[in-house]
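Engineer: I am sharing final04.json, which consists of JSON, C-alpha atoms and all ligand atoms:
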```
[["chain", "number", "residue", "atom", "x", "y", "z"],
["A", 1, "MET", "CA", -20.40, -13.21, 5.06],
["A", 2, "TYR", "CA", -20.63, -12.59, 8.84],
["A", 3, "CYS", "CA", -17.09, -11.28, 8.77],
["A", 4, "SER", "CA", -17.82, -8.68, 6.08],
["A", 5, "ARG", "CA", -21.02, -7.52, 7.87],
["A", 6, "LEU", "CA", -19.07, -6.98, 11.06],
["A", 7, "ALA", "CA", -16.39, -5.06, 9.17],
["A", 8, "LEU", "CA", -19.03, -2.92, 7.45],
["A", 9, "SER", "CA", -20.73, -2.07, 10.75],
["A", 10, "LEU", "CA", -17.32, -1.11, 12.22],
["A", 11, "TYR", "CA", -16.70, 1.13, 9.19],
["A", 12, "ARG", "CA", -20.13, 2.80, 9.64],
["A", 13, "ARG", "CA", -19.40, 3.50, 13.29],
["A", 14, "MET", "CA", -16.10, 5.17, 12.32],
["A", 15, "ARG", "CA", -17.75, 7.19, 9.56],
["A", 16, "LYS", "CA", -18.05, 10.86, 10.45],
["A", 17, "LYS", "CA", -18.14, 14.10, 8.54],
["A", 18, "VAL", "CA", -14.73, 15.70, 7.98],
["A", 19, "THR", "CA", -14.78, 19.52, 8.07],
["A", 20, "ASN", "CA", -11.30, 20.79, 9.02],
["A", 21, "ASN", "CA", -9.66, 22.62, 6.06],
["A", 22, "LYS", "CA", -5.99, 21.90, 6.88],
["A", 23, "VAL", "CA", -3.50, 19.78, 4.96],
["A", 24, "ARG", "CA", -3.56, 16.37, 6.57],
["A", 25, "GLU", "CA", -3.66, 12.64, 6.18],
["A", 26, "ILE", "CA", -7.15, 11.14, 6.36],
["A", 27, "LYS", "CA", -7.65, 7.46, 7.17],
["A", 28, "LEU", "CA", -10.50, 5.97, 5.16],
["A", 29, "GLY", "CA", -10.82, 2.80, 7.13],
["A", 30, "LYS", "CA", -11.03, -0.64, 5.67],
["A", 31, "VAL", "CA", -13.87, -3.12, 5.35],
["A", 32, "ARG", "CA", -11.83, -6.26, 5.93],
["A", 33, "ASP", "CA", -12.98, -9.38, 4.17],
["A", 34, "LYS", "CA", -11.24, -12.63, 3.34],
["A", 35, "ARG", "CA", -12.52, -12.11, -0.24],
["A", 36, "GLY", "CA", -10.56, -8.86, -0.41],
["A", 37, "ASN", "CA", -10.59, -5.61, 1.54],
["A", 38, "LEU", "CA", -12.53, -2.51, 0.56],
["A", 39, "SER", "CA", -12.09, 1.20, 1.30],
["A", 40, "ILE", "CA", -14.56, 3.98, 0.60],
["A", 41, "VAL", "CA", -14.44, 7.72, -0.10],
["A", 42, "GLU", "CA", -17.70, 9.64, 0.27],
["A", 43, "SER", "CA", -18.10, 13.13, -1.15],
["A", 44, "GLU", "CA", -18.40, 15.83, 1.58],
["A", 45, "MET", "CA", -18.07, 13.10, 4.22],
["A", 46, "SER", "CA", -14.66, 11.42, 4.32],
["A", 47, "VAL", "CA", -13.30, 14.32, 2.23],
["A", 48, "PRO", "CA", -14.32, 17.92, 3.06],
["A", 49, "PHE", "CA", -15.51, 18.86, -0.44],
["A", 50, "LYS", "CA", -17.92, 17.79, -3.17],
["A", 51, "ILE", "CA", -16.03, 15.56, -5.61],
["A", 52, "GLU", "CA", -16.32, 17.07, -9.08],
["A", 53, "ARG", "CA", -13.55, 15.27, -10.95],
["A", 54, "THR", "CA", -11.32, 12.21, -10.60],
["A", 55, "TYR", "CA", -8.11, 11.45, -12.41],
["A", 56, "TRP", "CA", -5.24, 9.08, -11.91],
["A", 57, "ILE", "CA", -1.56, 9.12, -12.73],
["A", 58, "TYR", "CA", 0.01, 5.81, -13.77],
["A", 59, "ASP", "CA", 2.81, 4.30, -15.87],
["A", 60, "VAL", "CA", 5.19, 6.69, -14.09],
["A", 61, "PRO", "CA", 8.79, 5.50, -14.50],
["A", 62, "GLY", "CA", 10.31, 4.48, -11.13],
["A", 63, "GLY", "CA", 11.85, 7.42, -9.26],
["A", 64, "GLU", "CA", 10.09, 9.97, -11.48],
["A", 65, "ALA", "CA", 8.41, 13.18, -10.23],
["A", 66, "ARG", "CA", 5.45, 15.21, -11.54],
["A", 67, "GLN", "CA", 5.78, 18.93, -11.96],
["A", 68, "GLY", "CA", 4.77, 20.85, -8.80],
["A", 69, "HIS", "CA", 1.95, 23.38, -8.79],
["A", 70, "ALA", "CA", -0.74, 25.04, -6.64],
["A", 71, "TYR", "CA", -4.39, 25.83, -7.32],
["A", 72, "TYR", "CA", -6.32, 29.00, -6.59],
["A", 73, "LYS", "CA", -9.59, 27.12, -5.99],
["A", 74, "SER", "CA", -9.24, 23.40, -6.37],
["A", 75, "LYS", "CA", -9.09, 21.14, -3.32],
["A", 76, "GLU", "CA", -7.67, 17.64, -3.70],
["A", 77, "PHE", "CA", -7.56, 14.29, -1.98],
["A", 78, "ILE", "CA", -4.66, 12.11, -3.11],
["A", 79, "ILE", "CA", -4.43, 8.34, -2.60],
["A", 80, "ALA", "CA", -1.73, 5.82, -3.53],
["A", 81, "LEU", "CA", -4.07, 3.23, -5.07],
["A", 82, "SER", "CA", -1.09, 1.04, -5.82],
["A", 83, "GLY", "CA", 2.63, 1.25, -5.06],
["A", 84, "SER", "CA", 4.00, 4.34, -3.33],
["A", 85, "PHE", "CA", 5.17, 7.91, -3.83],
["A", 86, "ASP", "CA", 5.94, 11.01, -1.80],
["A", 87, "LEU", "CA", 3.74, 14.08, -1.67],
["A", 88, "PHE", "CA", 5.40, 17.37, -0.73],
["A", 89, "VAL", "CA", 2.97, 20.08, 0.43],
["A", 90, "ASP", "CA", 3.69, 23.72, 1.29],
["A", 91, "ASP", "CA", 0.69, 25.61, 2.70],
["A", 92, "GLY", "CA", 2.65, 28.87, 2.90],
["A", 93, "GLN", "CA", 3.49, 28.37, 6.58],
["A", 94, "HIS", "CA", 4.60, 24.76, 6.88],
["A", 95, "THR", "CA", 6.02, 22.18, 4.53],
["A", 96, "THR", "CA", 5.28, 18.48, 4.97],
["A", 97, "THR", "CA", 6.27, 15.41, 2.98],
["A", 98, "PHE", "CA", 3.85, 12.50, 3.18],
["A", 99, "HIS", "CA", 4.87, 9.00, 2.12],
["A", 100, "LEU", "CA", 1.79, 7.42, 0.58],
["A", 101, "ASP", "CA", 1.84, 3.63, 0.33],
["A", 102, "GLN", "CA", -1.59, 2.41, 1.51],
["A", 103, "CYS", "CA", -4.87, 2.69, -0.37],
["A", 104, "SER", "CA", -6.87, 2.97, 2.87],
["A", 105, "LYS", "CA", -5.64, 6.50, 3.50],
["A", 106, "GLY", "CA", -5.01, 9.70, 1.55],
["A", 107, "VAL", "CA", -3.88, 13.28, 1.96],
["A", 108, "TYR", "CA", -6.23, 16.24, 1.83],
["A", 109, "VAL", "CA", -4.68, 19.27, 0.10],
["A", 110, "PRO", "CA", -6.83, 22.42, 0.30],
["A", 111, "GLU", "CA", -6.72, 25.24, -2.25],
["A", 112, "GLY", "CA", -3.73, 27.60, -2.08],
["A", 113, "CYS", "CA", -1.10, 24.93, -1.33],
["A", 114, "TRP", "CA", 1.96, 24.06, -3.39],
["A", 115, "ARG", "CA", 2.10, 20.31, -3.99],
["A", 116, "HIS", "CA", 4.57, 18.07, -5.70],
["A", 117, "LEU", "CA", 4.41, 14.30, -6.32],
["A", 118, "MET", "CA", 7.76, 12.52, -6.44],
["A", 119, "ASN", "CA", 9.73, 9.31, -5.86],
["A", 120, "PHE", "CA", 7.17, 7.10, -7.59],
["A", 121, "ALA", "CA", 7.80, 3.39, -7.20],
["A", 122, "THR", "CA", 7.43, 1.47, -10.48],
["A", 123, "ASN", "CA", 3.76, 0.64, -11.31],
["A", 124, "SER", "CA", 2.33, 3.06, -8.76],
["A", 125, "ILE", "CA", -1.06, 4.65, -9.27],
["A", 126, "ALA", "CA", -1.91, 8.06, -7.78],
["A", 127, "LEU", "CA", -5.67, 8.64, -7.57],
["A", 128, "VAL", "CA", -6.65, 12.31, -7.30],
["A", 129, "LEU", "CA", -10.16, 13.44, -6.32],
["A", 130, "THR", "CA", -10.78, 17.13, -6.85],
["A", 131, "SER", "CA", -13.42, 19.74, -6.07],
["A", 132, "THR", "CA", -13.48, 21.48, -9.48],
["A", 133, "LYS", "CA", -13.65, 20.77, -13.19],
["A", 134, "TYR", "CA", -10.34, 21.05, -15.05],
["A", 135, "ASN", "CA", -9.36, 24.68, -15.57],
["A", 136, "PRO", "CA", -5.81, 25.57, -16.66],
["A", 137, "LYS", "CA", -6.35, 29.10, -15.23],
["A", 138, "ASP", "CA", -6.67, 27.63, -11.75],
["A", 139, "TYR", "CA", -3.00, 26.56, -11.81],
["A", 140, "ILE", "CA", -0.01, 28.42, -10.33],
["A", 141, "ARG", "CA", 3.01, 26.73, -11.90],
["A", 142, "ASP", "CA", 5.78, 29.01, -10.67],
["A", 143, "TYR", "CA", 6.87, 28.44, -7.06],
["A", 144, "ASN", "CA", 8.18, 32.03, -6.72],
["A", 145, "ILE", "CA", 4.79, 33.40, -7.76],
["A", 146, "PHE", "CA", 3.12, 31.08, -5.22],
["A", 147, "VAL", "CA", 5.42, 32.43, -2.48],
["A", 148, "GLU", "CA", 4.71, 36.05, -3.50],
["A", 149, "LEU", "CA", 0.93, 35.47, -3.54],
["A", 150, "LYS", "CA", 1.11, 33.89, -0.08],
["A", 151, "LYS", "CA", 3.26, 36.73, 1.29],
["A", 152, "GLY", "CA", 0.82, 39.30, -0.10],
["A", 153, "GLY", "CA", -2.16, 37.43, 1.40],
["A", 154, "LYS", "CA", -3.60, 36.97, -2.09],
["A", 155, "LEU", "CA", -3.80, 33.19, -1.82],
["B", 1, "LIG", "P1", -1.16, 18.57, -15.24],
["B", 1, "LIG", "O1", -2.19, 18.76, -14.18],
["B", 1, "LIG", "O2", -0.54, 19.79, -15.84],
["B", 1, "LIG", "O3", -0.07, 17.58, -14.66],
["B", 1, "LIG", "P2", 1.40, 17.90, -14.12],
["B", 1, "LIG", "O4", 1.37, 19.22, -13.43],
["B", 1, "LIG", "O5", 1.67, 16.76, -13.19],
["B", 1, "LIG", "O6", 2.27, 17.88, -15.34],
["B", 1, "LIG", "O7", -1.81, 17.73, -16.40],
["B", 1, "LIG", "C1", -1.06, 17.25, -17.51],
["B", 1, "LIG", "C2", -1.86, 17.40, -18.79],
["B", 1, "LIG", "O8", -3.13, 16.73, -18.68],
["B", 1, "LIG", "C3", -2.17, 18.86, -19.14],
["B", 1, "LIG", "O9", -1.82, 19.06, -20.48],
["B", 1, "LIG", "C4", -3.66, 19.01, -19.00],
["B", 1, "LIG", "C5", -4.20, 17.60, -18.99],
["B", 1, "LIG", "N1", -5.28, 17.45, -17.99],
["B", 1, "LIG", "C6", -6.61, 17.53, -18.39],
["B", 1, "LIG", "O10", -6.91, 17.73, -19.60],
["B", 1, "LIG", "N2", -7.60, 17.37, -17.47],
["B", 1, "LIG", "C7", -7.31, 17.16, -16.15],
["B", 1, "LIG", "O11", -8.26, 17.01, -15.31],
["B", 1, "LIG", "C8", -5.94, 17.11, -15.73],
["B", 1, "LIG", "C9", -5.57, 16.90, -14.30],
["B", 1, "LIG", "C10", -4.96, 17.25, -16.68]]
```
Can I see the file as structure tokens?

Structural biologist:
Amino acid sequence: MYCSRLALSLYRRMRKKVTNNKVREIKLGKVRDKRGNLSIVESEMSVPFKIERTYWIYDVPGGEARQGHAYYKSKEFIIALSGSFDLFVDDGQHTTTFHLDQCSKGVYVPEGCWRHLMNFATNSIALVLTSTKYNPKDYIRDYNIFVELKKGGKL
């Protein structure tokens, strides 16, 4: 009991509002407890957007990849809840590949970034928190179109 209170007070001290809009890894912290650890995501706090929708990708065959795409408006925060996978992100200026394998951290992907999930380990679960409701018109599914929109400053 004492142990979990101490861990919770440490988590609260670490807790601060995240505002920067760049692609990056965000550590969520961990409330350590011998009964099992706990991590927390708070809307507009640990992630710099209001969480509107949550979905998860699971039962992905080992080594498989999901189709890449970008969004005009949607911001995302992606966590490996279980297992591991790689997340490739192109923000139009830099490309980065993140290896996600801990559920106490995630990657923030703002709008206007190409992102691709790949190299799933068997039984992995990708949790995706997003800033918008599902809208197929928000997707850019062609990488060449994404590059053209970025070059023209339209994204
Ligand atoms: P999609 O985002 O296209 O995944 P990927 O680019 O990895 O293939 O989603 C796959 C299907 O799931 C698509 O037909 C639409 C549906 N879907 C929803 O209905 N709501 C959602 O919030 C999401 C993410 C997908």

Engineer: Could you give me the residues within 7 Å of ligand LIG 1 (chain B), counting all atoms listed in the file, as a PyMOL selection string?

Structural biologist: chain A and resi 55+66-69+133-134

Engineer: Find the residues near Val47 of chain A: any atom within 8 Å, counting all atoms listed in the file, skip ones fewer than 2 places away on the same chain, and give them as a PyMOL selection string.

Structural biologist: chain A and resi 17-19+41-45+49-50+77+108

Engineer: Write the residues of the selection above to a file with C-alpha atoms, as a CSV table (one decimal), in the coordinates of the input.

Structural biologist:
```
chain,number,residue,atom,x,y,z
A,17,LYS,CA,-18.1,14.1,8.5
A,18,VAL,CA,-14.7,15.7,8.0
A,19,THR,CA,-14.8,19.5,8.1
A,41,VAL,CA,-14.4,7.7,-0.1
A,42,GLU,CA,-17.7,9.6,0.3
A,43,SER,CA,-18.1,13.1,-1.2
A,44,GLU,CA,-18.4,15.8,1.6
A,45,MET,CA,-18.1,13.1,4.2
A,49,PHE,CA,-15.5,18.9,-0.4
A,50,LYS,CA,-17.9,17.8,-3.2
A,77,PHE,CA,-7.6,14.3,-2.0
A,108,TYR,CA,-6.2,16.2,1.8
```

Engineer: A:Val147, A:Val23, A:Leu8, A:Ile57: which is nearest Phe88 of chain A, counting only C-alpha atoms?

Structural biologist: A:Val23

Engineer: Of the candidates A:Val109, A:Ala126, A:Ile51, A:Leu6, which one gets nearest to Val31 of chain A if we count only C-alpha atoms?

Structural biologist: A:Leu6

Engineer: Please, what distance in Å, to one decimal, runs between atom CA of Gly36 of chain A and atom CA of Lys105 of chain A?

Structural biologist: 16.6 Å

Engineer: With distances taken over all atoms listed in the file, which of A:Leu155, A:Leu28, A:Val89, A:Ile145 is nearest to Glu76 of chain A?

Structural biologist: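 For Glu76 of chain A, the nearest of the candidates is A:Val89.
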
Engineer: Report the distance between atom CA of Tyr58 of chain A and atom CA of Ile125 of chain A in Å, rounded to one decimal place.

Structural biologist: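 Taking atom CA of Tyr58 of chain A as the start and atom CA of Ile125 of chain A as the end point, the length is 4.8 Å.
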
Engineer: Hey, which of A:Val107, A:Arg32, A:Tyr139, A:Cys113 ends up closest to Ser46 of chain A? Count all atoms listed in the file.

Structural biologist: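 Among the listed residues, the smallest separation from Ser46 of chain A belongs to A:Val107.
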
Engineer: So which residues fall inside 10 Å of (3.9, 16.3, 6.1) if we count all atoms listed in the file? Mind giving them as a VMD selection string?

Structural biologist: chain A and resid 23 to 25 86 to 90 94 to 99 107

Engineer: Work out how far atom CA of Lys75 of chain A is from atom CA of Ser39 of chain A, in Å to one decimal.

Structural biologist: 20.7 Å

Engineer: Env of Gly62 of chain A: 6 Å cut, atoms = all atoms listed in the file, seq-sep filter 3 positions within chain, self excluded. Answer as a PyMOL selection string.

Structural biologist: chain A and resi 120-122

Engineer: From the set A:Arg141, A:Asp91, A:Arg5, A:Pro48, which residue has the shortest atom-to-atom contact distance to Ile26 of chain A, counting all atoms listed in the file?

Structural biologist: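 Closest to Ile26 of chain A of all the choices is A:Pro48.
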
Engineer: Box for segment 111-115 of chain A: with edges along x, y and z, all listed atoms inside and 4 Å added on each side, what are the centre and edge lengths in Å to one decimal, as JSON?

Structural biologist:
```
{"center_x": -2.3, "center_y": 24.0, "center_z": -2.7, "size_x": 16.8, "size_y": 15.3, "size_z": 10.7}
```
